[in-house]
Amino acid sequence: MYAERVLSGMRPTGRLHLGHYHGVLKNWVRLQHEYPCFLFVADWHALTTAYDDPRVIEQSVWDMLIDWLAAGVDPAQATLFIQSRVPEHAELHLLLSMMTPLGWLERVPTYKDQQEKLSEKDLTTYGFLGYPLLQSADILIYRADKVPVGEDQVPHVELTREVARRFNHLYGREPGYEDKAREAVKKLGSKRAKLFDELRTRFTQEGDQAALEQARALLDEAQNLSHGDRERLYGYLEGGGKMILVEPGAMLTEAARMPGLDGQKMSKSYNNTIFLREEPESVTKKIRTMQTDPQRVRRTDAGDPEKCPVWQFHVVYSDDNTKEWVQQGCRSAGIGCLECKQPVIDAVLKEQEPMRERAQPYLDDPALLRNIIADGCDKARKLAGETLRDVREAMGLNYA
Ligand code: TRP
Ligand code: SF4
């Protein structure tokens with residue numbers, strides 16, 4: 001039950017750009033080789049802000065999924081799905097909403113920030129306040145312990161931990177909990193029971209993390225434990241009630257150093273992006289017309305790369321020799337700006353070429369992607385259903 005599992009999601013906000021690639025997708029592509037990964041389109045989350053025009057979401061969902069595949073997310077390794085096709089998220093969200101204090105949600109920094117930032121929209125809605133709790137449900141329903149997110153999302157993962165803790169505290173302590181836990185320890189067999197107790201003491205009294213890991217591994221290996229006893233012992237191990245929901249940790253994704261065409265961070269709202277699957281002619285044109293050091297008016301003027309957005313692209317894309325060539329050539333007026341941009345154009349096109357290739361089959365045959373998502377949703381629903389069964393049982397809602 002305590003499997004290492006990565007979960008992350010993205011709101012469908014339109015075509016993705018190179019900032020998404022360098023900031024998020026490259027990381028996912030790496031993680032998919034290391035852990036079972038569950039990656040999903042958070043279309044309900046998009047609805048919290050696009051509720052007045054929900055029809056735009058659909059196209060973004062499919063475009064974004066093709067962008068993921070183009071970037072190298074591999075459906076044979078990662079499970080890809082769409083949030084609204086796994087309605088279990090909504091049931092867990094509802095149940096969690098019963099025990100989540102309003103203050104916890106009002107305190108989440110993105111709540112006020114986004115309301116101010118998107119002030120043209122009325123975001124004093126029930127759904128928008130619940131945004132981070134829906135995110136908690138997304139995470140907890142897969143008992144995912146690793147959530148790769150950017151810095152702005154860390155408070156949401158923090159809230160998720162608090163919600164899980166509160167849930168386990170409220171519903172994980174059945175009558176006679178301690179006795180039941182002791183009975184379950186005995187079922188491990190005397191040798192392993194003794195080791196378990198030692199490890200538990202080392203963790204609860206000395207905070208020894210390695211002992212905690214080792215004890216969890218011991219429980220994972222124990223074949224003769226029932227599902228309920230295993231949950232009980234996971235919780236008992238840490239000195240709490242049954243561990244029904246798993247507290248996740250944020251895996252901080254390093255902030256993308258990807259500059260936009262104007263030197264600010266690449267972002268749709270600054271209109272300074274290069275799309276992941278943009279046509280080569282269009283990419284070439286965008287870079288050729290990019291702003292350079294404003295002091296360098298004529299070809300004979302020396303320039304300063306530090307004041308030029310093109311240099312920032314060299315930092316991302318060029319090797320040391322090329323960077324040296326830029327520094328020398330710019331400061332001595334030895335090279336022209338178009339000349340300087342050419343290696344950047346070449347590097348971006350080279351990065352994008354395999355992406356366009358990987359996307360093509362999905363553009364040619366939409367059924368391909370529909371099938372991948374249908375499989376992913378099935379797999380996700382199966383896991384989500386198991387958690388929900390335990391949640392209902394813990395809350396006394398499993399009357400049939
Ligand atoms: N709120 C996230 C974002 O805007 C998207 C998201 C929704 C998410 N549910 C999630 C991310 C669960 C990680 C885990 O980027
Ligand atoms: Fe920018 Fe390169 Fe022109 Fe210098 S030579 S101003 S770094 S584009």
# chains A, B, ... in the order shown; residues from 1 in each chain; ligands from 1
>>> residues_around(residues="Leu16 of chain A", least_positions_apart="2", cutoff="8 Å", atoms="only C-alpha atoms", output="PyMOL selection string")
chain A and resi 14+18-21+64+67+275-276
>>> residues_near_ligand(ligand="ligand 2", cutoff="10 Å", atoms="only C-alpha atoms and all ligand atoms", output="PDB file with N, CA and C atoms, in the first residue's frame")
ATOM      1  N   ILE A 287      12.790  34.539 -33.467  1.00  0.00           N
ATOM      2  CA  ILE A 287      14.126  34.774 -32.905  1.00  0.00           C
ATOM      3  C   ILE A 287      14.877  35.841 -33.698  1.00  0.00           C
ATOM      4  N   ARG A 288      14.690  35.827 -35.020  1.00  0.00           N
ATOM      5  CA  ARG A 288      15.385  36.843 -35.826  1.00  0.00           C
ATOM      6  C   ARG A 288      14.922  38.255 -35.497  1.00  0.00           C
ATOM      7  N   MET A 290      13.895  39.160 -32.519  1.00  0.00           N
ATOM      8  CA  MET A 290      14.009  39.397 -31.070  1.00  0.00           C
ATOM      9  C   MET A 290      14.781  40.675 -30.767  1.00  0.00           C
ATOM     10  N   GLN A 291      14.353  41.331 -29.730  1.00  0.00           N
ATOM     11  CA  GLN A 291      15.037  42.507 -29.193  1.00  0.00           C
ATOM     12  C   GLN A 291      16.478  42.135 -28.796  1.00  0.00           C
ATOM     13  N   THR A 292      17.445  43.013 -29.079  1.00  0.00           N
ATOM     14  CA  THR A 292      18.826  42.784 -28.614  1.00  0.00           C
ATOM     15  C   THR A 292      19.223  43.930 -27.694  1.00  0.00           C
ATOM     16  N   ASP A 293      20.496  44.011 -27.359  1.00  0.00           N
ATOM     17  CA  ASP A 293      20.963  45.113 -26.503  1.00  0.00           C
ATOM     18  C   ASP A 293      20.580  46.449 -27.157  1.00  0.00           C
ATOM     19  N   PRO A 294      19.731  47.226 -26.509  1.00  0.00           N
ATOM     20  CA  PRO A 294      19.232  48.467 -27.117  1.00  0.00           C
ATOM     21  C   PRO A 294      20.356  49.466 -27.451  1.00  0.00           C
ATOM     22  N   GLN A 295      21.480  49.340 -26.761  1.00  0.00           N
ATOM     23  CA  GLN A 295      22.612  50.249 -27.016  1.00  0.00           C
ATOM     24  C   GLN A 295      23.288  49.926 -28.353  1.00  0.00           C
ATOM     25  N   ARG A 296      23.051  48.713 -28.828  1.00  0.00           N
ATOM     26  CA  ARG A 296      23.753  48.307 -30.041  1.00  0.00           C
ATOM     27  C   ARG A 296      22.880  48.643 -31.246  1.00  0.00           C
ATOM     28  N   VAL A 297      22.991  49.874 -31.703  1.00  0.00           N
ATOM     29  CA  VAL A 297      22.115  50.336 -32.765  1.00  0.00           C
ATOM     30  C   VAL A 297      22.671  49.941 -34.131  1.00  0.00           C
ATOM     31  N   ARG A 299      25.689  48.015 -36.574  1.00  0.00           N
ATOM     32  CA  ARG A 299      26.514  46.805 -36.591  1.00  0.00           C
ATOM     33  C   ARG A 299      27.896  47.077 -35.983  1.00  0.00           C
ATOM     34  N   ASP A 301      28.560  49.163 -33.519  1.00  0.00           N
ATOM     35  CA  ASP A 301      28.533  49.435 -32.073  1.00  0.00           C
ATOM     36  C   ASP A 301      28.848  48.158 -31.315  1.00  0.00           C
ATOM     37  N   ALA A 302      29.642  48.281 -30.271  1.00  0.00           N
ATOM     38  CA  ALA A 302      29.864  47.117 -29.401  1.00  0.00           C
ATOM     39  C   ALA A 302      28.616  46.923 -28.543  1.00  0.00           C
ATOM     40  N   GLY A 303      28.367  45.694 -28.129  1.00  0.00           N
ATOM     41  CA  GLY A 303      27.185  45.422 -27.305  1.00  0.00           C
ATOM     42  C   GLY A 303      27.569  44.771 -25.985  1.00  0.00           C
ATOM     43  N   ASP A 304      26.545  44.580 -25.151  1.00  0.00           N
ATOM     44  CA  ASP A 304      26.769  43.918 -23.862  1.00  0.00           C
ATOM     45  C   ASP A 304      25.757  42.778 -23.711  1.00  0.00           C
ATOM     46  N   PRO A 305      26.252  41.540 -23.788  1.00  0.00           N
ATOM     47  CA  PRO A 305      25.322  40.391 -23.713  1.00  0.00           C
ATOM     48  C   PRO A 305      24.440  40.419 -22.465  1.00  0.00           C
ATOM     49  N   GLU A 306      24.959  40.975 -21.387  1.00  0.00           N
ATOM     50  CA  GLU A 306      24.158  41.002 -20.154  1.00  0.00           C
ATOM     51  C   GLU A 306      22.877  41.812 -20.330  1.00  0.00           C
ATOM     52  N   LYS A 307      22.855  42.686 -21.300  1.00  0.00           N
ATOM     53  CA  LYS A 307      21.666  43.512 -21.506  1.00  0.00           C
ATOM     54  C   LYS A 307      20.817  43.008 -22.667  1.00  0.00           C
ATOM     55  N   CYS A 308      21.076  41.758 -23.061  1.00  0.00           N
ATOM     56  CA  CYS A 308      20.439  41.241 -24.272  1.00  0.00           C
ATOM     57  C   CYS A 308      19.724  39.915 -24.012  1.00  0.00           C
ATOM     58  N   PRO A 309      18.438  39.847 -24.343  1.00  0.00           N
ATOM     59  CA  PRO A 309      17.693  38.581 -24.143  1.00  0.00           C
ATOM     60  C   PRO A 309      18.257  37.409 -24.943  1.00  0.00           C
ATOM     61  N   VAL A 310      18.897  37.711 -26.067  1.00  0.00           N
ATOM     62  CA  VAL A 310      19.458  36.623 -26.885  1.00  0.00           C
ATOM     63  C   VAL A 310      20.533  35.872 -26.091  1.00  0.00           C
ATOM     64  N   TRP A 311      21.294  36.628 -25.329  1.00  0.00           N
ATOM     65  CA  TRP A 311      22.324  35.991 -24.494  1.00  0.00           C
ATOM     66  C   TRP A 311      21.713  34.971 -23.537  1.00  0.00           C
ATOM     67  N   GLN A 312      20.572  35.312 -22.968  1.00  0.00           N
ATOM     68  CA  GLN A 312      19.920  34.370 -22.044  1.00  0.00           C
ATOM     69  C   GLN A 312      19.539  33.070 -22.738  1.00  0.00           C
ATOM     70  N   PHE A 313      19.212  33.171 -24.007  1.00  0.00           N
ATOM     71  CA  PHE A 313      18.956  31.943 -24.772  1.00  0.00           C
ATOM     72  C   PHE A 313      20.246  31.144 -24.948  1.00  0.00           C
ATOM     73  N   HIS A 314      21.368  31.873 -25.170  1.00  0.00           N
ATOM     74  CA  HIS A 314      22.648  31.171 -25.273  1.00  0.00           C
ATOM     75  C   HIS A 314      22.968  30.439 -23.964  1.00  0.00           C
ATOM     76  N   LYS A 323      29.379  30.250 -26.311  1.00  0.00           N
ATOM     77  CA  LYS A 323      29.159  31.366 -25.387  1.00  0.00           C
ATOM     78  C   LYS A 323      30.355  32.323 -25.398  1.00  0.00           C
ATOM     79  N   TRP A 325      32.359  32.759 -27.894  1.00  0.00           N
ATOM     80  CA  TRP A 325      32.278  33.438 -29.205  1.00  0.00           C
ATOM     81  C   TRP A 325      31.300  34.626 -29.130  1.00  0.00           C
ATOM     82  N   VAL A 326      30.192  34.442 -28.432  1.00  0.00           N
ATOM     83  CA  VAL A 326      29.217  35.524 -28.289  1.00  0.00           C
ATOM     84  C   VAL A 326      29.807  36.670 -27.460  1.00  0.00           C
ATOM     85  N   GLN A 327      30.358  36.313 -26.316  1.00  0.00           N
ATOM     86  CA  GLN A 327      30.910  37.347 -25.409  1.00  0.00           C
ATOM     87  C   GLN A 327      31.953  38.189 -26.138  1.00  0.00           C
ATOM     88  N   GLN A 328      32.899  37.516 -26.778  1.00  0.00           N
ATOM     89  CA  GLN A 328      33.969  38.205 -27.506  1.00  0.00           C
ATOM     90  C   GLN A 328      33.399  39.046 -28.641  1.00  0.00           C
ATOM     91  N   GLY A 329      32.609  38.360 -29.458  1.00  0.00           N
ATOM     92  CA  GLY A 329      32.123  38.976 -30.689  1.00  0.00           C
ATOM     93  C   GLY A 329      31.185  40.144 -30.427  1.00  0.00           C
ATOM     94  N   CYS A 330      30.379  40.045 -29.404  1.00  0.00           N
ATOM     95  CA  CYS A 330      29.424  41.105 -29.096  1.00  0.00           C
ATOM     96  C   CYS A 330      30.162  42.326 -28.560  1.00  0.00           C
ATOM     97  N   ARG A 331      31.035  42.083 -27.586  1.00  0.00           N
ATOM     98  CA  ARG A 331      31.727  43.207 -26.937  1.00  0.00           C
ATOM     99  C   ARG A 331      32.698  43.922 -27.875  1.00  0.00           C
ATOM    100  N   SER A 332      33.145  43.218 -28.909  1.00  0.00           N
ATOM    101  CA  SER A 332      34.106  43.841 -29.841  1.00  0.00           C
ATOM    102  C   SER A 332      33.443  44.226 -31.162  1.00  0.00           C
ATOM    103  N   ALA A 333      32.134  44.094 -31.219  1.00  0.00           N
ATOM    104  CA  ALA A 333      31.410  44.310 -32.477  1.00  0.00           C
ATOM    105  C   ALA A 333      31.949  43.424 -33.592  1.00  0.00           C
ATOM    106  N   GLY A 334      32.513  42.298 -33.202  1.00  0.00           N
ATOM    107  CA  GLY A 334      33.066  41.369 -34.187  1.00  0.00           C
ATOM    108  C   GLY A 334      31.995  40.554 -34.903  1.00  0.00           C
ATOM    109  N   ILE A 335      30.848  40.360 -34.250  1.00  0.00           N
ATOM    110  CA  ILE A 335      29.770  39.613 -34.912  1.00  0.00           C
ATOM    111  C   ILE A 335      28.514  40.476 -34.958  1.00  0.00           C
ATOM    112  N   GLY A 336      27.669  40.187 -35.910  1.00  0.00           N
ATOM    113  CA  GLY A 336      26.385  40.881 -35.993  1.00  0.00           C
ATOM    114  C   GLY A 336      25.345  40.134 -35.174  1.00  0.00           C
ATOM    115  N   CYS A 337      24.263  40.816 -34.878  1.00  0.00           N
ATOM    116  CA  CYS A 337      23.235  40.181 -34.036  1.00  0.00           C
ATOM    117  C   CYS A 337      22.567  38.997 -34.738  1.00  0.00           C
ATOM    118  N   LEU A 338      22.343  39.107 -36.037  1.00  0.00           N
ATOM    119  CA  LEU A 338      21.705  37.985 -36.723  1.00  0.00           C
ATOM    120  C   LEU A 338      22.610  36.761 -36.707  1.00  0.00           C
ATOM    121  N   GLU A 339      23.898  37.052 -36.875  1.00  0.00           N
ATOM    122  CA  GLU A 339      24.897  35.985 -36.814  1.00  0.00           C
ATOM    123  C   GLU A 339      24.861  35.325 -35.431  1.00  0.00           C
ATOM    124  N   CYS A 340      24.746  36.156 -34.426  1.00  0.00           N
ATOM    125  CA  CYS A 340      24.729  35.682 -33.037  1.00  0.00           C
ATOM    126  C   CYS A 340      23.497  34.830 -32.759  1.00  0.00           C
ATOM    127  N   LYS A 341      22.400  35.169 -33.427  1.00  0.00           N
ATOM    128  CA  LYS A 341      21.143  34.455 -33.168  1.00  0.00           C
ATOM    129  C   LYS A 341      21.089  33.083 -33.842  1.00  0.00           C
ATOM    130  N   GLN A 342      21.909  32.909 -34.878  1.00  0.00           N
ATOM    131  CA  GLN A 342      21.785  31.682 -35.663  1.00  0.00           C
ATOM    132  C   GLN A 342      21.969  30.406 -34.834  1.00  0.00           C
ATOM    133  N   VAL A 344      21.315  29.940 -31.810  1.00  0.00           N
ATOM    134  CA  VAL A 344      20.129  29.778 -30.959  1.00  0.00           C
ATOM    135  C   VAL A 344      18.984  29.205 -31.788  1.00  0.00           C
TER     136      VAL A 344
END
>>> closest_atom_pairs(of="chain A", to="ligand 1", cutoff="10 Å", atoms="only C-alpha atoms and all ligand atoms", output="Markdown table")
| residue | atom | partner | partner_atom_place_in_ligand_line | distance |
| --- | --- | --- | --- | --- |
| A:Val6 | CA | ligand 1 | 14 (C) | 9.2 |
| A:Leu7 | CA | ligand 1 | 14 (C) | 5.9 |
| A:Ser8 | CA | ligand 1 | 13 (C) | 3.9 |
| A:Gly9 | CA | ligand 1 | 11 (C) | 4.1 |
| A:Met10 | CA | ligand 1 | 5 (C) | 4.4 |
| A:Arg11 | CA | ligand 1 | 5 (C) | 5.4 |
| A:Pro12 | CA | ligand 1 | 5 (C) | 9.1 |
| A:Thr13 | CA | ligand 1 | 4 (O) | 9.7 |
| A:Val24 | CA | ligand 1 | 15 (O) | 9.7 |
| A:Phe38 | CA | ligand 1 | 14 (C) | 9.5 |
| A:Leu39 | CA | ligand 1 | 14 (C) | 8.5 |
| A:Phe40 | CA | ligand 1 | 10 (C) | 8.0 |
| A:Val41 | CA | ligand 1 | 7 (C) | 7.8 |
| A:Ala42 | CA | ligand 1 | 7 (C) | 5.2 |
| A:Asp43 | CA | ligand 1 | 7 (C) | 8.5 |
| A:Trp44 | CA | ligand 1 | 7 (C) | 8.5 |
| A:His45 | CA | ligand 1 | 7 (C) | 6.2 |
| A:Ala46 | CA | ligand 1 | 4 (O) | 8.5 |
| A:Gln83 | CA | ligand 1 | 9 (N) | 8.5 |
| A:Thr110 | CA | ligand 1 | 1 (N) | 9.7 |
| A:Tyr131 | CA | ligand 1 | 1 (N) | 7.7 |
| A:Pro132 | CA | ligand 1 | 1 (N) | 7.1 |
| A:Leu133 | CA | ligand 1 | 9 (N) | 9.1 |
| A:Leu134 | CA | ligand 1 | 9 (N) | 7.0 |
| A:Gln135 | CA | ligand 1 | 9 (N) | 4.1 |
| A:Ser136 | CA | ligand 1 | 12 (C) | 6.8 |
| A:Ala137 | CA | ligand 1 | 12 (C) | 8.1 |
| A:Asp138 | CA | ligand 1 | 12 (C) | 5.3 |
| A:Ile139 | CA | ligand 1 | 12 (C) | 5.4 |
| A:Leu140 | CA | ligand 1 | 12 (C) | 9.1 |
| A:Ala144 | CA | ligand 1 | 14 (C) | 9.3 |
| A:Lys146 | CA | ligand 1 | 14 (C) | 9.2 |
| A:Val147 | CA | ligand 1 | 13 (C) | 6.0 |
| A:Pro148 | CA | ligand 1 | 13 (C) | 6.7 |
| A:Val149 | CA | ligand 1 | 13 (C) | 6.0 |
| A:Gly150 | CA | ligand 1 | 15 (O) | 7.5 |
| A:Glu151 | CA | ligand 1 | 15 (O) | 9.9 |
| A:Asp152 | CA | ligand 1 | 15 (O) | 8.2 |
| A:Gln153 | CA | ligand 1 | 1 (N) | 6.4 |
| A:Val154 | CA | ligand 1 | 13 (C) | 9.4 |
| A:His156 | CA | ligand 1 | 1 (N) | 7.7 |
| A:Val157 | CA | ligand 1 | 14 (C) | 7.7 |
| A:Thr160 | CA | ligand 1 | 12 (C) | 9.7 |
| A:Ala250 | CA | ligand 1 | 13 (C) | 8.9 |
>>> residues_around(residues="Asn271 of chain A", least_positions_apart="2", cutoff="12 Å", atoms="only C-alpha atoms", output="PyMOL selection string")
chain A and resi 17+260-269+273-275+286
>>> write_last_selection(atoms="all heavy atoms", output="compact mmCIF listing (two decimals), in the first residue's frame")
# COMPACT_ATOMS: atom_id res chain seq x y z
N HIS A 17 4.42 25.90 -24.09
CA HIS A 17 5.59 26.54 -24.72
C HIS A 17 6.88 26.00 -24.11
O HIS A 17 6.85 25.13 -23.23
CB HIS A 17 5.47 28.06 -24.59
CG HIS A 17 5.21 28.56 -23.20
ND1 HIS A 17 6.10 28.38 -22.16
CD2 HIS A 17 4.15 29.21 -22.66
CE1 HIS A 17 5.62 28.92 -21.06
NE2 HIS A 17 4.41 29.42 -21.33
N GLY A 260 11.84 34.41 -21.87
CA GLY A 260 10.96 34.63 -23.01
C GLY A 260 11.69 35.47 -24.05
O GLY A 260 12.83 35.89 -23.85
N LEU A 261 11.01 35.73 -25.17
CA LEU A 261 11.65 36.46 -26.27
C LEU A 261 12.07 37.88 -25.87
O LEU A 261 12.92 38.47 -26.50
CB LEU A 261 10.67 36.53 -27.45
CG LEU A 261 10.41 35.18 -28.13
CD1 LEU A 261 9.16 35.24 -28.99
CD2 LEU A 261 11.62 34.75 -28.95
N ASP A 262 11.45 38.40 -24.81
CA ASP A 262 11.78 39.77 -24.39
C ASP A 262 12.66 39.79 -23.15
O ASP A 262 12.89 40.84 -22.57
CB ASP A 262 10.49 40.54 -24.11
CG ASP A 262 9.64 39.84 -23.06
OD1 ASP A 262 10.04 38.75 -22.59
OD2 ASP A 262 8.58 40.37 -22.70
N GLY A 263 13.13 38.61 -22.72
CA GLY A 263 14.02 38.58 -21.56
C GLY A 263 13.29 38.39 -20.24
O GLY A 263 13.90 38.02 -19.25
N GLN A 264 11.98 38.65 -20.21
CA GLN A 264 11.23 38.30 -19.00
C GLN A 264 10.99 36.79 -19.01
O GLN A 264 11.26 36.13 -20.00
CB GLN A 264 9.84 38.96 -19.01
CG GLN A 264 9.82 40.46 -19.09
CD GLN A 264 8.38 40.95 -18.94
OE1 GLN A 264 7.82 40.97 -17.85
NE2 GLN A 264 7.76 41.33 -20.05
N LYS A 265 10.47 36.27 -17.92
CA LYS A 265 10.12 34.85 -17.86
C LYS A 265 9.16 34.51 -19.01
O LYS A 265 8.27 35.29 -19.32
CB LYS A 265 9.45 34.60 -16.50
CG LYS A 265 9.02 33.20 -16.29
CD LYS A 265 8.30 33.06 -14.96
CE LYS A 265 7.61 31.73 -14.97
NZ LYS A 265 6.61 31.46 -14.07
N MET A 266 9.37 33.34 -19.63
CA MET A 266 8.47 32.98 -20.74
C MET A 266 7.09 32.66 -20.18
O MET A 266 6.94 31.81 -19.31
CB MET A 266 9.00 31.78 -21.52
CG MET A 266 8.20 31.50 -22.78
SD MET A 266 8.82 30.17 -23.83
CE MET A 266 10.15 30.94 -24.71
N SER A 267 6.09 33.35 -20.68
CA SER A 267 4.74 33.17 -20.15
C SER A 267 3.72 33.68 -21.17
O SER A 267 3.93 34.69 -21.84
CB SER A 267 4.61 33.94 -18.84
OG SER A 267 3.26 34.22 -18.58
N LYS A 268 2.60 32.94 -21.22
CA LYS A 268 1.57 33.30 -22.19
C LYS A 268 1.10 34.74 -21.97
O LYS A 268 0.84 35.46 -22.92
CB LYS A 268 0.39 32.33 -22.03
CG LYS A 268 -0.39 32.14 -23.31
CD LYS A 268 -1.44 31.05 -23.19
CE LYS A 268 -2.65 31.50 -22.40
NZ LYS A 268 -3.78 30.58 -22.47
N SER A 269 1.03 35.13 -20.70
CA SER A 269 0.47 36.45 -20.44
C SER A 269 1.42 37.58 -20.86
O SER A 269 0.99 38.72 -21.02
CB SER A 269 0.06 36.59 -18.97
OG SER A 269 1.07 36.12 -18.13
N THR A 273 6.32 33.96 -26.01
CA THR A 273 6.59 32.52 -25.98
C THR A 273 6.99 31.95 -27.34
O THR A 273 6.70 32.52 -28.39
CB THR A 273 5.32 31.75 -25.55
OG1 THR A 273 4.29 32.01 -26.48
CG2 THR A 273 4.86 32.17 -24.18
N ILE A 274 7.64 30.80 -27.26
CA ILE A 274 7.80 29.93 -28.43
C ILE A 274 7.08 28.64 -28.06
O ILE A 274 7.38 28.02 -27.03
CB ILE A 274 9.29 29.63 -28.69
CG1 ILE A 274 10.03 30.93 -29.04
CG2 ILE A 274 9.43 28.60 -29.82
CD1 ILE A 274 11.53 30.75 -29.19
N PHE A 275 6.11 28.28 -28.88
CA PHE A 275 5.35 27.07 -28.56
C PHE A 275 6.18 25.82 -28.78
O PHE A 275 7.10 25.81 -29.60
CB PHE A 275 4.05 27.01 -29.39
CG PHE A 275 3.10 28.12 -29.04
CD1 PHE A 275 2.85 29.16 -29.93
CD2 PHE A 275 2.47 28.14 -27.80
CE1 PHE A 275 1.99 30.19 -29.60
CE2 PHE A 275 1.61 29.16 -27.46
CZ PHE A 275 1.37 30.20 -28.36
N LYS A 286 10.54 34.57 -35.17
CA LYS A 286 10.46 35.15 -33.82
C LYS A 286 11.85 35.45 -33.27
O LYS A 286 12.07 36.49 -32.65
CB LYS A 286 9.74 34.19 -32.87
CG LYS A 286 8.23 34.27 -32.94
CD LYS A 286 7.59 33.39 -31.88
CE LYS A 286 6.06 33.46 -31.92
NZ LYS A 286 5.44 32.49 -31.01
>>> residues_around(residues="Ile141 of chain A", least_positions_apart="5", cutoff="12 Å", atoms="only C-alpha atoms", output="NGL selection string")
:A and (5 or 7 or 38 or 83 or 86-93 or 95-96 or 133-136 or 160 or 164 or 244-248 or 380-391)
>>> atom_distance(atom1="atom CA of Phe167 of chain A", atom2="atom CA of Pro109 of chain A")
22.5 Å
>>> select_by_dssp(residues="segment 163-365 of chain A", states="alpha helix (DSSP H)", output="VMD selection string")
chain A and resid 163 to 171 177 to 186 190 to 206 209 to 221 227 to 237 280 to 288 309 to 317 320 to 331 337 to 364
>>> select_by_dssp(residues="segment 57-279 of chain A", states="strand (DSSP E)", output="VMD selection string")
chain A and resid 78 to 82 146 to 149 249 to 252
>>> residues_around(residues="Ala255 of chain A", least_positions_apart="2", cutoff="7 Å", atoms="only C-alpha atoms", output="MDAnalysis selection string")
chainID A and resid 23 150 253 257
>>> decode(residues="segment 12-17 of chain A", atoms="all heavy atoms", output="PDB file, in the first residue's frame")
ATOM      1  N   PRO A  12      -5.394  22.666 -18.121  1.00  0.00           N
ATOM      2  CA  PRO A  12      -5.354  22.860 -19.573  1.00  0.00           C
ATOM      3  C   PRO A  12      -5.599  24.329 -19.897  1.00  0.00           C
ATOM      4  O   PRO A  12      -6.734  24.802 -19.843  1.00  0.00           O
ATOM      5  CB  PRO A  12      -6.511  21.985 -20.074  1.00  0.00           C
ATOM      6  CG  PRO A  12      -7.455  21.898 -18.915  1.00  0.00           C
ATOM      7  CD  PRO A  12      -6.655  22.051 -17.668  1.00  0.00           C
ATOM      8  N   THR A  13      -4.538  25.047 -20.206  1.00  0.00           N
ATOM      9  CA  THR A  13      -4.696  26.485 -20.428  1.00  0.00           C
ATOM     10  C   THR A  13      -4.340  26.873 -21.850  1.00  0.00           C
ATOM     11  O   THR A  13      -4.184  28.044 -22.155  1.00  0.00           O
ATOM     12  CB  THR A  13      -3.802  27.290 -19.468  1.00  0.00           C
ATOM     13  OG1 THR A  13      -2.483  26.738 -19.535  1.00  0.00           O
ATOM     14  CG2 THR A  13      -4.314  27.218 -18.054  1.00  0.00           C
ATOM     15  N   GLY A  14      -4.169  25.892 -22.742  1.00  0.00           N
ATOM     16  CA  GLY A  14      -3.800  26.217 -24.127  1.00  0.00           C
ATOM     17  C   GLY A  14      -2.502  25.528 -24.504  1.00  0.00           C
ATOM     18  O   GLY A  14      -1.980  24.727 -23.731  1.00  0.00           O
ATOM     19  N   ARG A  15      -1.997  25.841 -25.689  1.00  0.00           N
ATOM     20  CA  ARG A  15      -0.771  25.175 -26.150  1.00  0.00           C
ATOM     21  C   ARG A  15       0.394  25.468 -25.211  1.00  0.00           C
ATOM     22  O   ARG A  15       0.545  26.589 -24.731  1.00  0.00           O
ATOM     23  CB  ARG A  15      -0.419  25.681 -27.545  1.00  0.00           C
ATOM     24  CG  ARG A  15      -1.361  25.183 -28.624  1.00  0.00           C
ATOM     25  CD  ARG A  15      -1.300  26.086 -29.851  1.00  0.00           C
ATOM     26  NE  ARG A  15      -0.042  25.918 -30.570  1.00  0.00           N
ATOM     27  CZ  ARG A  15       0.392  26.766 -31.510  1.00  0.00           C
ATOM     28  NH1 ARG A  15      -0.305  27.841 -31.814  1.00  0.00           N
ATOM     29  NH2 ARG A  15       1.528  26.540 -32.130  1.00  0.00           N
ATOM     30  N   LEU A  16       1.198  24.471 -24.984  1.00  0.00           N
ATOM     31  CA  LEU A  16       2.341  24.662 -24.088  1.00  0.00           C
ATOM     32  C   LEU A  16       3.525  25.254 -24.850  1.00  0.00           C
ATOM     33  O   LEU A  16       3.627  25.133 -26.059  1.00  0.00           O
ATOM     34  CB  LEU A  16       2.754  23.324 -23.458  1.00  0.00           C
ATOM     35  CG  LEU A  16       1.657  22.615 -22.641  1.00  0.00           C
ATOM     36  CD1 LEU A  16       2.237  21.389 -21.953  1.00  0.00           C
ATOM     37  CD2 LEU A  16       1.037  23.548 -21.604  1.00  0.00           C
ATOM     38  N   HIS A  17       4.417  25.902 -24.087  1.00  0.00           N
ATOM     39  CA  HIS A  17       5.586  26.545 -24.717  1.00  0.00           C
ATOM     40  C   HIS A  17       6.881  26.003 -24.110  1.00  0.00           C
ATOM     41  O   HIS A  17       6.850  25.128 -23.234  1.00  0.00           O
ATOM     42  CB  HIS A  17       5.466  28.065 -24.594  1.00  0.00           C
ATOM     43  CG  HIS A  17       5.207  28.558 -23.197  1.00  0.00           C
ATOM     44  ND1 HIS A  17       6.101  28.379 -22.156  1.00  0.00           N
ATOM     45  CD2 HIS A  17       4.149  29.209 -22.661  1.00  0.00           C
ATOM     46  CE1 HIS A  17       5.617  28.915 -21.060  1.00  0.00           C
ATOM     47  NE2 HIS A  17       4.415  29.418 -21.328  1.00  0.00           N
TER      48      HIS A  17
END
